[in-house]
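**Q** What follows is coords.cif, made up of mmCIF, C-alpha atoms and all ligand atoms:
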```
data_my_file
#
loop_
_atom_site.label_atom_id
_atom_site.label_comp_id
_atom_site.auth_asym_id
_atom_site.auth_seq_id
_atom_site.Cartn_x
_atom_site.Cartn_y
_atom_site.Cartn_z
CA MET K 5 -20.73 13.84 11.65
CA GLN K 6 -18.14 11.51 10.09
CA ARG K 7 -18.11 13.67 6.96
CA GLU K 8 -17.38 16.80 9.05
CA ILE K 9 -14.58 15.01 10.88
CA ASP K 10 -13.11 13.83 7.55
CA GLU K 11 -13.27 17.38 6.16
CA TYR K 12 -11.62 18.74 9.30
CA ILE K 13 -8.83 16.15 9.10
CA THR K 14 -8.22 16.94 5.42
CA ALA K 15 -8.13 20.69 6.10
CA HIS K 16 -5.62 20.22 8.93
CA THR K 17 -3.32 17.75 7.17
CA SER K 18 -0.33 18.89 5.09
CA PRO K 19 -1.51 19.85 1.60
CA GLU K 20 -1.54 17.37 -1.26
CA PRO K 21 1.13 18.27 -3.85
CA GLY K 22 -0.32 19.52 -7.16
CA TYR K 23 0.93 16.58 -9.25
CA LEU K 24 -0.78 14.12 -6.88
CA LYS K 25 -3.99 16.15 -6.93
CA GLU K 26 -3.90 15.91 -10.72
CA LEU K 27 -3.21 12.14 -10.60
CA TYR K 28 -6.14 11.63 -8.22
CA ARG K 29 -8.44 13.66 -10.51
CA HIS K 30 -7.24 11.72 -13.55
CA THR K 31 -7.88 8.43 -11.73
CA TRP K 32 -11.47 9.44 -10.92
CA LEU K 33 -12.10 10.58 -14.49
CA HIS K 34 -10.56 7.65 -16.34
CA ARG K 35 -10.40 4.50 -14.21
CA LEU K 36 -12.84 1.91 -12.93
CA TYR K 37 -12.92 1.60 -9.13
CA PRO K 38 -11.19 4.99 -8.59
CA GLN K 39 -11.84 4.69 -4.86
CA MET K 40 -8.86 2.30 -4.77
CA CYS K 41 -6.57 5.32 -5.20
CA SER K 42 -5.10 6.39 -1.83
CA GLY K 43 -5.84 10.13 -2.01
CA HIS K 44 -4.83 13.10 0.09
CA VAL K 45 -4.92 11.98 3.75
CA GLN K 46 -3.91 8.35 3.19
CA GLY K 47 -1.08 9.55 0.94
CA ARG K 48 0.22 11.93 3.63
CA ILE K 49 0.02 9.08 6.17
CA LEU K 50 2.11 6.85 3.90
CA LYS K 51 4.65 9.60 3.40
CA MET K 52 4.83 10.23 7.17
CA LEU K 53 5.21 6.52 8.01
CA THR K 54 7.95 6.18 5.38
CA ALA K 55 9.81 9.15 6.85
CA MET K 56 9.52 7.57 10.32
CA VAL K 57 10.82 4.17 9.19
CA ASN K 58 13.48 5.71 6.90
CA PRO K 59 13.73 2.52 4.79
CA ARG K 60 16.37 1.68 2.20
CA TYR K 61 14.24 -0.90 0.36
CA VAL K 62 10.47 -0.70 0.14
CA LEU K 63 8.12 -3.16 -1.55
CA GLU K 64 4.56 -2.26 -2.55
CA LEU K 65 1.96 -4.82 -3.65
CA GLY K 66 -0.73 -3.19 -5.84
CA THR K 67 0.36 -0.08 -7.77
CA PHE K 68 -2.99 0.85 -9.41
CA THR K 69 -2.42 4.41 -10.74
CA GLY K 70 0.82 4.98 -8.83
CA TYR K 71 -0.48 7.38 -6.19
CA SER K 72 0.77 5.54 -3.09
CA ALA K 73 4.12 4.65 -4.69
CA LEU K 74 4.74 8.35 -5.36
CA CYS K 75 3.80 9.28 -1.77
CA ILE K 76 6.23 6.70 -0.38
CA ALA K 77 8.92 7.81 -2.85
CA GLU K 78 8.51 11.42 -1.64
CA ALA K 79 9.88 10.45 1.78
CA LEU K 80 12.75 8.22 0.63
CA GLN K 81 16.33 9.36 1.23
CA PRO K 82 18.74 9.55 -1.73
CA GLY K 83 19.76 6.01 -2.73
CA ALA K 84 16.63 4.39 -1.31
CA GLU K 85 14.27 2.48 -3.61
CA ILE K 86 10.65 1.41 -3.86
CA HIS K 87 9.67 -1.61 -5.93
CA THR K 88 5.99 -1.81 -6.78
CA ILE K 89 4.12 -4.79 -8.25
CA GLU K 90 0.99 -4.47 -10.42
CA ILE K 91 -0.82 -7.36 -12.10
CA ASP K 92 -2.65 -5.21 -14.68
CA ASP K 93 -0.26 -5.08 -17.65
CA GLU K 94 -2.43 -2.53 -19.46
CA SER K 95 -1.35 0.09 -16.90
CA ALA K 96 2.36 -0.50 -17.40
CA ASP K 97 3.10 2.07 -20.11
CA SER K 98 1.22 4.89 -18.39
CA LEU K 99 2.82 4.06 -15.02
CA ILE K 100 6.33 4.09 -16.51
CA GLU K 101 5.55 7.45 -18.14
CA LEU K 102 4.08 8.81 -14.88
CA PHE K 103 7.09 7.77 -12.80
CA LYS K 104 9.47 9.21 -15.40
CA ASN K 105 7.77 12.60 -15.13
CA SER K 106 6.96 12.85 -11.41
CA PRO K 107 9.05 14.02 -8.44
CA GLY K 108 10.72 11.01 -6.83
CA GLY K 109 9.69 8.77 -9.72
CA GLU K 110 13.30 7.77 -10.39
CA LYS K 111 13.25 5.89 -7.07
CA ILE K 112 10.36 3.67 -8.22
CA THR K 113 10.77 0.38 -10.11
CA LEU K 114 7.60 -1.14 -11.53
CA HIS K 115 7.23 -4.93 -11.80
CA VAL K 116 4.30 -6.17 -13.84
CA GLY K 117 2.76 -9.49 -12.84
CA ASP K 118 1.28 -11.44 -9.97
CA ALA K 119 2.79 -10.38 -6.65
CA LEU K 120 2.93 -14.00 -5.47
CA GLU K 121 5.15 -14.90 -8.43
CA ILE K 122 7.28 -11.75 -8.42
CA ILE K 123 8.08 -11.45 -4.69
CA PRO K 124 10.34 -14.56 -4.70
CA GLU K 125 12.17 -13.23 -7.78
CA LEU K 126 13.23 -9.97 -6.08
CA ASN K 127 16.50 -10.43 -4.27
CA TYR K 128 16.13 -7.81 -1.51
CA CYS K 129 15.88 -7.72 2.25
CA TRP K 130 12.93 -5.34 2.66
CA ASP K 131 12.78 -2.65 5.35
CA MET K 132 9.14 -1.82 4.71
CA VAL K 133 6.33 -3.47 2.74
CA TYR K 134 2.98 -1.94 1.83
CA ILE K 135 0.30 -4.58 1.12
CA ASP K 136 -2.53 -3.21 -1.02
CA ALA K 137 -3.19 -5.84 -3.73
CA ASN K 138 -5.76 -8.67 -3.83
CA LYS K 139 -7.62 -8.82 -0.52
CA ARG K 140 -8.17 -12.57 -0.95
CA HIS K 141 -4.43 -13.26 -0.72
CA TYR K 142 -3.15 -11.15 2.19
CA CYS K 143 -2.13 -14.31 4.14
CA GLU K 144 -0.23 -15.69 1.15
CA TYR K 145 1.49 -12.30 0.68
CA LEU K 146 2.55 -12.41 4.32
CA ASP K 147 4.00 -15.93 3.90
CA GLU K 148 6.16 -14.69 1.02
CA ILE K 149 7.13 -11.38 2.61
CA LEU K 150 8.03 -12.41 6.13
CA PRO K 151 11.22 -14.37 5.32
CA ARG K 152 12.32 -11.46 3.11
CA LEU K 153 11.64 -8.70 5.67
CA LYS K 154 14.49 -7.65 7.91
CA THR K 155 14.08 -8.10 11.66
CA GLY K 156 12.72 -4.79 12.95
CA GLY K 157 11.17 -4.10 9.54
CA PHE K 158 7.59 -2.92 9.03
CA ILE K 159 4.56 -4.04 7.05
CA ILE K 160 1.66 -1.69 6.40
CA ALA K 161 -1.52 -3.45 5.26
CA ASP K 162 -4.43 -1.46 3.84
CA ASN K 163 -8.19 -2.13 3.97
CA THR K 164 -8.01 -4.37 7.02
CA LEU K 165 -11.47 -3.32 8.26
CA TRP K 166 -12.88 -3.55 4.72
CA GLY K 167 -15.57 -0.92 5.16
CA GLY K 168 -16.78 -2.52 8.41
CA LYS K 169 -17.59 -5.82 6.69
CA ILE K 170 -15.04 -7.70 8.79
CA THR K 171 -16.80 -7.08 12.10
CA GLU K 172 -20.16 -7.79 10.45
CA GLY K 173 -18.90 -11.30 9.61
CA ALA K 174 -19.30 -10.92 5.82
CA ARG K 175 -18.55 -14.18 3.93
CA ASP K 176 -17.53 -12.86 0.49
CA ALA K 177 -14.05 -13.93 -0.63
CA GLN K 178 -12.39 -10.58 0.00
CA SER K 179 -13.82 -10.18 3.51
CA VAL K 180 -12.82 -13.76 4.32
CA GLY K 181 -9.29 -13.08 3.03
CA ILE K 182 -8.89 -10.00 5.19
CA ALA K 183 -10.43 -11.67 8.26
CA ARG K 184 -8.00 -14.62 7.88
CA PHE K 185 -5.11 -12.15 7.69
CA ASN K 186 -6.27 -10.22 10.78
CA ASP K 187 -6.59 -13.48 12.75
CA LEU K 188 -3.22 -14.75 11.54
CA VAL K 189 -1.27 -11.63 12.52
CA ALA K 190 -3.06 -11.01 15.85
CA ASN K 191 -1.15 -13.84 17.56
CA HIS K 192 1.78 -14.27 15.22
CA PRO K 193 5.00 -15.09 17.14
CA GLN K 194 7.17 -12.93 14.86
CA LEU K 195 4.92 -9.86 14.65
CA GLU K 196 3.72 -6.93 16.70
CA VAL K 197 0.47 -5.54 15.33
CA VAL K 198 -1.87 -2.60 15.70
CA ILE K 199 -4.90 -1.74 13.57
CA LEU K 200 -5.38 1.98 12.99
CA PRO K 201 -9.07 2.74 12.41
CA LEU K 202 -8.23 5.09 9.55
CA ARG K 203 -10.33 5.13 6.43
CA ASP K 204 -10.77 1.44 5.60
CA GLY K 205 -8.43 0.24 8.34
CA LEU K 206 -4.65 0.40 8.17
CA THR K 207 -2.66 -2.28 10.01
CA LEU K 208 0.92 -1.62 11.14
CA LEU K 209 3.09 -4.67 11.74
CA ARG K 210 6.66 -4.98 13.01
CA LYS K 211 8.79 -8.08 12.64
CA THR K 212 10.25 -8.77 16.07
CA ASP K 213 12.53 -11.71 15.26
C1 LIG Z 1 -6.31 -0.98 -4.02
S1 LIG Z 1 -5.47 -0.98 -5.56
C2 LIG Z 1 -3.91 -0.27 -5.13
C3 LIG Z 1 -4.02 1.19 -4.83
C4 LIG Z 1 -2.70 1.90 -4.71
N1 LIG Z 1 -1.76 1.19 -3.84
C5 LIG Z 1 -2.94 3.27 -4.12
O1 LIG Z 1 -2.94 3.37 -2.87
O2 LIG Z 1 -3.19 4.23 -4.85
C6 LIG Z 1 -5.08 -2.66 -5.78
C7 LIG Z 1 -4.24 -2.95 -7.01
O3 LIG Z 1 -3.70 -4.27 -6.86
C8 LIG Z 1 -3.64 -4.87 -8.12
N2 LIG Z 1 -3.56 -6.33 -7.91
C9 LIG Z 1 -4.56 -7.19 -7.63
N3 LIG Z 1 -4.09 -8.44 -7.51
C10 LIG Z 1 -2.75 -8.36 -7.68
C11 LIG Z 1 -1.71 -9.31 -7.66
N4 LIG Z 1 -1.96 -10.62 -7.44
N5 LIG Z 1 -0.45 -8.90 -7.87
C12 LIG Z 1 -0.19 -7.58 -8.11
N6 LIG Z 1 -1.14 -6.64 -8.16
C13 LIG Z 1 -2.41 -7.01 -7.94
C14 LIG Z 1 -4.91 -4.40 -8.81
O4 LIG Z 1 -4.82 -4.55 -10.21
C15 LIG Z 1 -5.02 -2.96 -8.33
O5 LIG Z 1 -4.41 -2.08 -9.26
#
```
Starting from the file, lay out its structure as structure tokens.
**A**
Amino acid sequence: MQREIDEYITAHTSPEPGYLKELYRHTWLHRLYPQMCSGHVQGRILKMLTAMVNPRYVLELGTFTGYSALCIAEALQPGAEIHTIEIDDESADSLIELFKNSPGGEKITLHVGDALEIIPELNYCWDMVYIDANKRHYCEYLDEILPRLKTGGFIIADNTLWGGKITEGARDAQSVGIARFNDLVANHPQLEVVILPLRDGLTLLRKTD
């Protein structure tokens, strides 16, 4: 039943551009853990949310093969920028090449290193942040992001249901990291929050003051 619903949603969602289809295929053929790549529906959601927020400065934590950064870049207005942070330095050359040769890629700046070290070095007031890096450190990412997010700005956090493991009370480090984050934001005085039960769980947060 879920598979049929997923197929229906995919068939009735705007088509995935050819260059992203190719990137997704390449990711599945050549990378470990290819399921980390956003893919068709999640990519269209990110593009739609970006168009709704209409941000000037976007920060992404966790580039992987660049799929989500390209989807966000698709919806950016001229002059807007996305900065994306990836800890795996072996991906850097291929990501730079990919962004150079993809639509919207000129709006993307790649930063290689640990997000927790790089965030404080970037002198921007972010309009939108997409958290999709190490699940163990979502709370620490939030601590670094919140003072650098404009009031009224948005955070999108991926994998916040972690394949259902969160409600099952799983105790592995990643599940614990996500559960801590969900608890922290649920009653945070500066945040409005809603969890969308999409794919692996996508949380939308808005900074209220
Ligand atoms: C789920 S993948 C990102 C998927 C990508 N955003 C997409 O939707 O296609 C997570 C990525 O975060 C990176 N990562 C993990 N820990 C990190 C850290 N501390 N700082 C920056 N990147 C990190 C991993 O190397 C991996 O490429």
**Q** Go through the chains and note each residue within 10 Å of ligand LIG 1 (chain Z), using only C-alpha atoms and all ligand atoms, then give the set as a PDB file with C-alpha atoms, in the coordinates of the input.
**A**
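Everything below was put into result-v8.pdb:
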```pdb
ATOM      1  CA  LEU K  27      -3.210  12.140 -10.600  1.00  0.00           C
ATOM      2  CA  TYR K  28      -6.140  11.630  -8.220  1.00  0.00           C
ATOM      3  CA  THR K  31      -7.880   8.430 -11.730  1.00  0.00           C
ATOM      4  CA  TYR K  37     -12.920   1.600  -9.130  1.00  0.00           C
ATOM      5  CA  PRO K  38     -11.190   4.990  -8.590  1.00  0.00           C
ATOM      6  CA  GLN K  39     -11.840   4.690  -4.860  1.00  0.00           C
ATOM      7  CA  MET K  40      -8.860   2.300  -4.770  1.00  0.00           C
ATOM      8  CA  CYS K  41      -6.570   5.320  -5.200  1.00  0.00           C
ATOM      9  CA  SER K  42      -5.100   6.390  -1.830  1.00  0.00           C
ATOM     10  CA  GLY K  43      -5.840  10.130  -2.010  1.00  0.00           C
ATOM     11  CA  GLN K  46      -3.910   8.350   3.190  1.00  0.00           C
ATOM     12  CA  GLY K  47      -1.080   9.550   0.940  1.00  0.00           C
ATOM     13  CA  LEU K  50       2.110   6.850   3.900  1.00  0.00           C
ATOM     14  CA  GLU K  64       4.560  -2.260  -2.550  1.00  0.00           C
ATOM     15  CA  LEU K  65       1.960  -4.820  -3.650  1.00  0.00           C
ATOM     16  CA  GLY K  66      -0.730  -3.190  -5.840  1.00  0.00           C
ATOM     17  CA  THR K  67       0.360  -0.080  -7.770  1.00  0.00           C
ATOM     18  CA  PHE K  68      -2.990   0.850  -9.410  1.00  0.00           C
ATOM     19  CA  THR K  69      -2.420   4.410 -10.740  1.00  0.00           C
ATOM     20  CA  GLY K  70       0.820   4.980  -8.830  1.00  0.00           C
ATOM     21  CA  TYR K  71      -0.480   7.380  -6.190  1.00  0.00           C
ATOM     22  CA  SER K  72       0.770   5.540  -3.090  1.00  0.00           C
ATOM     23  CA  ALA K  73       4.120   4.650  -4.690  1.00  0.00           C
ATOM     24  CA  LEU K  74       4.740   8.350  -5.360  1.00  0.00           C
ATOM     25  CA  CYS K  75       3.800   9.280  -1.770  1.00  0.00           C
ATOM     26  CA  THR K  88       5.990  -1.810  -6.780  1.00  0.00           C
ATOM     27  CA  ILE K  89       4.120  -4.790  -8.250  1.00  0.00           C
ATOM     28  CA  GLU K  90       0.990  -4.470 -10.420  1.00  0.00           C
ATOM     29  CA  ILE K  91      -0.820  -7.360 -12.100  1.00  0.00           C
ATOM     30  CA  ASP K  92      -2.650  -5.210 -14.680  1.00  0.00           C
ATOM     31  CA  ASP K  93      -0.260  -5.080 -17.650  1.00  0.00           C
ATOM     32  CA  GLU K  94      -2.430  -2.530 -19.460  1.00  0.00           C
ATOM     33  CA  SER K  95      -1.350   0.090 -16.900  1.00  0.00           C
ATOM     34  CA  HIS K 115       7.230  -4.930 -11.800  1.00  0.00           C
ATOM     35  CA  VAL K 116       4.300  -6.170 -13.840  1.00  0.00           C
ATOM     36  CA  GLY K 117       2.760  -9.490 -12.840  1.00  0.00           C
ATOM     37  CA  ASP K 118       1.280 -11.440  -9.970  1.00  0.00           C
ATOM     38  CA  ALA K 119       2.790 -10.380  -6.650  1.00  0.00           C
ATOM     39  CA  LEU K 120       2.930 -14.000  -5.470  1.00  0.00           C
ATOM     40  CA  GLU K 121       5.150 -14.900  -8.430  1.00  0.00           C
ATOM     41  CA  ILE K 122       7.280 -11.750  -8.420  1.00  0.00           C
ATOM     42  CA  ILE K 123       8.080 -11.450  -4.690  1.00  0.00           C
ATOM     43  CA  TYR K 134       2.980  -1.940   1.830  1.00  0.00           C
ATOM     44  CA  ILE K 135       0.300  -4.580   1.120  1.00  0.00           C
ATOM     45  CA  ASP K 136      -2.530  -3.210  -1.020  1.00  0.00           C
ATOM     46  CA  ALA K 137      -3.190  -5.840  -3.730  1.00  0.00           C
ATOM     47  CA  ASN K 138      -5.760  -8.670  -3.830  1.00  0.00           C
ATOM     48  CA  LYS K 139      -7.620  -8.820  -0.520  1.00  0.00           C
ATOM     49  CA  ARG K 140      -8.170 -12.570  -0.950  1.00  0.00           C
ATOM     50  CA  HIS K 141      -4.430 -13.260  -0.720  1.00  0.00           C
ATOM     51  CA  TYR K 142      -3.150 -11.150   2.190  1.00  0.00           C
ATOM     52  CA  TYR K 145       1.490 -12.300   0.680  1.00  0.00           C
ATOM     53  CA  ASP K 162      -4.430  -1.460   3.840  1.00  0.00           C
ATOM     54  CA  ASN K 163      -8.190  -2.130   3.970  1.00  0.00           C
TER      55      ASN K 163
END
```
**Q** Do you know which residues are at most 12 Å from K:Lys211 counting all atoms listed in the file, after dropping those on the same chain fewer than 3 positions away, and could you put them as JSON, numbers by chain?
**A** {"K": [130, 131, 132, 133, 146, 149, 150, 151, 152, 153, 154, 155, 156, 157, 158, 159, 160, 189, 192, 193, 194, 195, 196, 197, 208]}
**Q** Have a look at atom CA of K:Arg48 and atom CA of K:Lys25 and let me know their distance in Å, one decimal.
**A**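 Going from atom CA of K:Arg48 over to atom CA of K:Lys25, I get 12.1 Å.
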**Q** Just how far from atom CA of K:Glu78 is atom CA of K:Met56, in Å to one decimal?
**A**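 Separation between atom CA of K:Met56 and atom CA of K:Glu78: 12.6 Å.
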**Q** If I take atom CA of K:Asp213 and atom CA of K:Leu114, how far is one from the other in Å, to one decimal?
**A**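 These atoms are spaced 29.2 Å apart.
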**Q** List the neighbours of K:Ala55 out to 10 Å using all atoms listed in the file; skip same-chain residues closer than 5 positions along the sequence, and give me the result as a PyMOL selection string.
**A** chain K and resi 49-50+76-81
**Q** Counting all atoms listed in the file, which residue out of K:Val45, K:Cys143, K:Ile86, K:Met5 sits closest to K:Asn58?
**A**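 Closest candidate: K:Ile86.
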**Q** Using all atoms listed in the file, which of the listed residues (K:Tyr23, K:Glu172, K:Trp166, K:Asn127) sits closest to K:Gly109?
**A**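 Of K:Tyr23, K:Glu172, K:Trp166, K:Asn127, the one nearest K:Gly109, counting all atoms listed in the file, is K:Tyr23.
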**Q** When distances are computed from only C-alpha atoms, which of K:Asn186, K:Thr14, K:Gln178, K:Ser106 shows the smallest separation from K:Val198?
**A**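 Selected residue with least distance to K:Val198: K:Asn186.
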**Q** Which residue is closest to K:Asp187? Choose from K:Ala15, K:Val62, K:Ala96, K:Ile170 and count all atoms listed in the file.
**A** K:Ile170
**Q** Mind filling out stretch 35-57 of chain K with N, CA and C atoms and sending it as a PDB file, keeping the file's coordinate frame?
**A**
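Output file selection-v6.pdb follows:
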```
ATOM      1  N   ARG K  35     -10.595   5.886 -14.626  1.00  0.00           N
ATOM      2  CA  ARG K  35     -10.400   4.500 -14.210  1.00  0.00           C
ATOM      3  C   ARG K  35     -11.633   3.919 -13.524  1.00  0.00           C
ATOM      4  N   LEU K  36     -11.830   2.620 -13.703  1.00  0.00           N
ATOM      5  CA  LEU K  36     -12.840   1.910 -12.930  1.00  0.00           C
ATOM      6  C   LEU K  36     -12.337   1.781 -11.493  1.00  0.00           C
ATOM      7  N   TYR K  37     -13.241   1.722 -10.564  1.00  0.00           N
ATOM      8  CA  TYR K  37     -12.920   1.600  -9.130  1.00  0.00           C
ATOM      9  C   TYR K  37     -11.914   2.659  -8.664  1.00  0.00           C
ATOM     10  N   PRO K  38     -12.166   3.943  -8.961  1.00  0.00           N
ATOM     11  CA  PRO K  38     -11.190   4.990  -8.590  1.00  0.00           C
ATOM     12  C   PRO K  38     -10.998   5.110  -7.094  1.00  0.00           C
ATOM     13  N   GLN K  39     -11.974   4.605  -6.330  1.00  0.00           N
ATOM     14  CA  GLN K  39     -11.840   4.690  -4.860  1.00  0.00           C
ATOM     15  C   GLN K  39     -10.658   3.878  -4.344  1.00  0.00           C
ATOM     16  N   MET K  40     -10.058   3.047  -5.199  1.00  0.00           N
ATOM     17  CA  MET K  40      -8.860   2.300  -4.770  1.00  0.00           C
ATOM     18  C   MET K  40      -7.643   3.219  -4.629  1.00  0.00           C
ATOM     19  N   CYS K  41      -7.705   4.390  -5.240  1.00  0.00           N
ATOM     20  CA  CYS K  41      -6.570   5.320  -5.200  1.00  0.00           C
ATOM     21  C   CYS K  41      -6.473   5.932  -3.787  1.00  0.00           C
ATOM     22  N   SER K  42      -5.270   5.957  -3.228  1.00  0.00           N
ATOM     23  CA  SER K  42      -5.100   6.390  -1.830  1.00  0.00           C
ATOM     24  C   SER K  42      -5.711   7.769  -1.538  1.00  0.00           C
ATOM     25  N   GLY K  43      -5.312   8.788  -2.254  1.00  0.00           N
ATOM     26  CA  GLY K  43      -5.840  10.130  -2.010  1.00  0.00           C
ATOM     27  C   GLY K  43      -5.067  10.888  -0.935  1.00  0.00           C
ATOM     28  N   HIS K  44      -5.559  12.113  -0.701  1.00  0.00           N
ATOM     29  CA  HIS K  44      -4.830  13.100   0.090  1.00  0.00           C
ATOM     30  C   HIS K  44      -4.357  12.595   1.471  1.00  0.00           C
ATOM     31  N   VAL K  45      -5.309  12.275   2.362  1.00  0.00           N
ATOM     32  CA  VAL K  45      -4.920  11.980   3.750  1.00  0.00           C
ATOM     33  C   VAL K  45      -4.131  10.676   3.831  1.00  0.00           C
ATOM     34  N   GLN K  46      -4.631   9.636   3.157  1.00  0.00           N
ATOM     35  CA  GLN K  46      -3.910   8.350   3.190  1.00  0.00           C
ATOM     36  C   GLN K  46      -2.496   8.509   2.600  1.00  0.00           C
ATOM     37  N   GLY K  47      -2.390   9.321   1.559  1.00  0.00           N
ATOM     38  CA  GLY K  47      -1.080   9.550   0.940  1.00  0.00           C
ATOM     39  C   GLY K  47      -0.126  10.250   1.890  1.00  0.00           C
ATOM     40  N   ARG K  48      -0.647  11.224   2.654  1.00  0.00           N
ATOM     41  CA  ARG K  48       0.220  11.930   3.630  1.00  0.00           C
ATOM     42  C   ARG K  48       0.604  10.975   4.769  1.00  0.00           C
ATOM     43  N   ILE K  49      -0.312  10.067   5.125  1.00  0.00           N
ATOM     44  CA  ILE K  49       0.020   9.080   6.170  1.00  0.00           C
ATOM     45  C   ILE K  49       1.161   8.182   5.680  1.00  0.00           C
ATOM     46  N   LEU K  50       1.061   7.724   4.437  1.00  0.00           N
ATOM     47  CA  LEU K  50       2.110   6.850   3.900  1.00  0.00           C
ATOM     48  C   LEU K  50       3.443   7.572   3.845  1.00  0.00           C
ATOM     49  N   LYS K  51       3.398   8.835   3.444  1.00  0.00           N
ATOM     50  CA  LYS K  51       4.650   9.600   3.400  1.00  0.00           C
ATOM     51  C   LYS K  51       5.238   9.733   4.822  1.00  0.00           C
ATOM     52  N   MET K  52       4.378  10.057   5.787  1.00  0.00           N
ATOM     53  CA  MET K  52       4.830  10.230   7.170  1.00  0.00           C
ATOM     54  C   MET K  52       5.409   8.927   7.722  1.00  0.00           C
ATOM     55  N   LEU K  53       4.713   7.807   7.499  1.00  0.00           N
ATOM     56  CA  LEU K  53       5.210   6.520   8.010  1.00  0.00           C
ATOM     57  C   LEU K  53       6.555   6.177   7.362  1.00  0.00           C
ATOM     58  N   THR K  54       6.688   6.471   6.075  1.00  0.00           N
ATOM     59  CA  THR K  54       7.950   6.180   5.380  1.00  0.00           C
ATOM     60  C   THR K  54       9.070   7.019   5.983  1.00  0.00           C
ATOM     61  N   ALA K  55       8.780   8.290   6.246  1.00  0.00           N
ATOM     62  CA  ALA K  55       9.810   9.150   6.850  1.00  0.00           C
ATOM     63  C   ALA K  55      10.198   8.633   8.237  1.00  0.00           C
ATOM     64  N   MET K  56       9.234   8.092   8.976  1.00  0.00           N
ATOM     65  CA  MET K  56       9.520   7.570  10.320  1.00  0.00           C
ATOM     66  C   MET K  56      10.381   6.308  10.261  1.00  0.00           C
ATOM     67  N   VAL K  57      10.083   5.448   9.311  1.00  0.00           N
ATOM     68  CA  VAL K  57      10.820   4.170   9.190  1.00  0.00           C
ATOM     69  C   VAL K  57      12.188   4.400   8.532  1.00  0.00           C
TER      70      VAL K  57
END
```
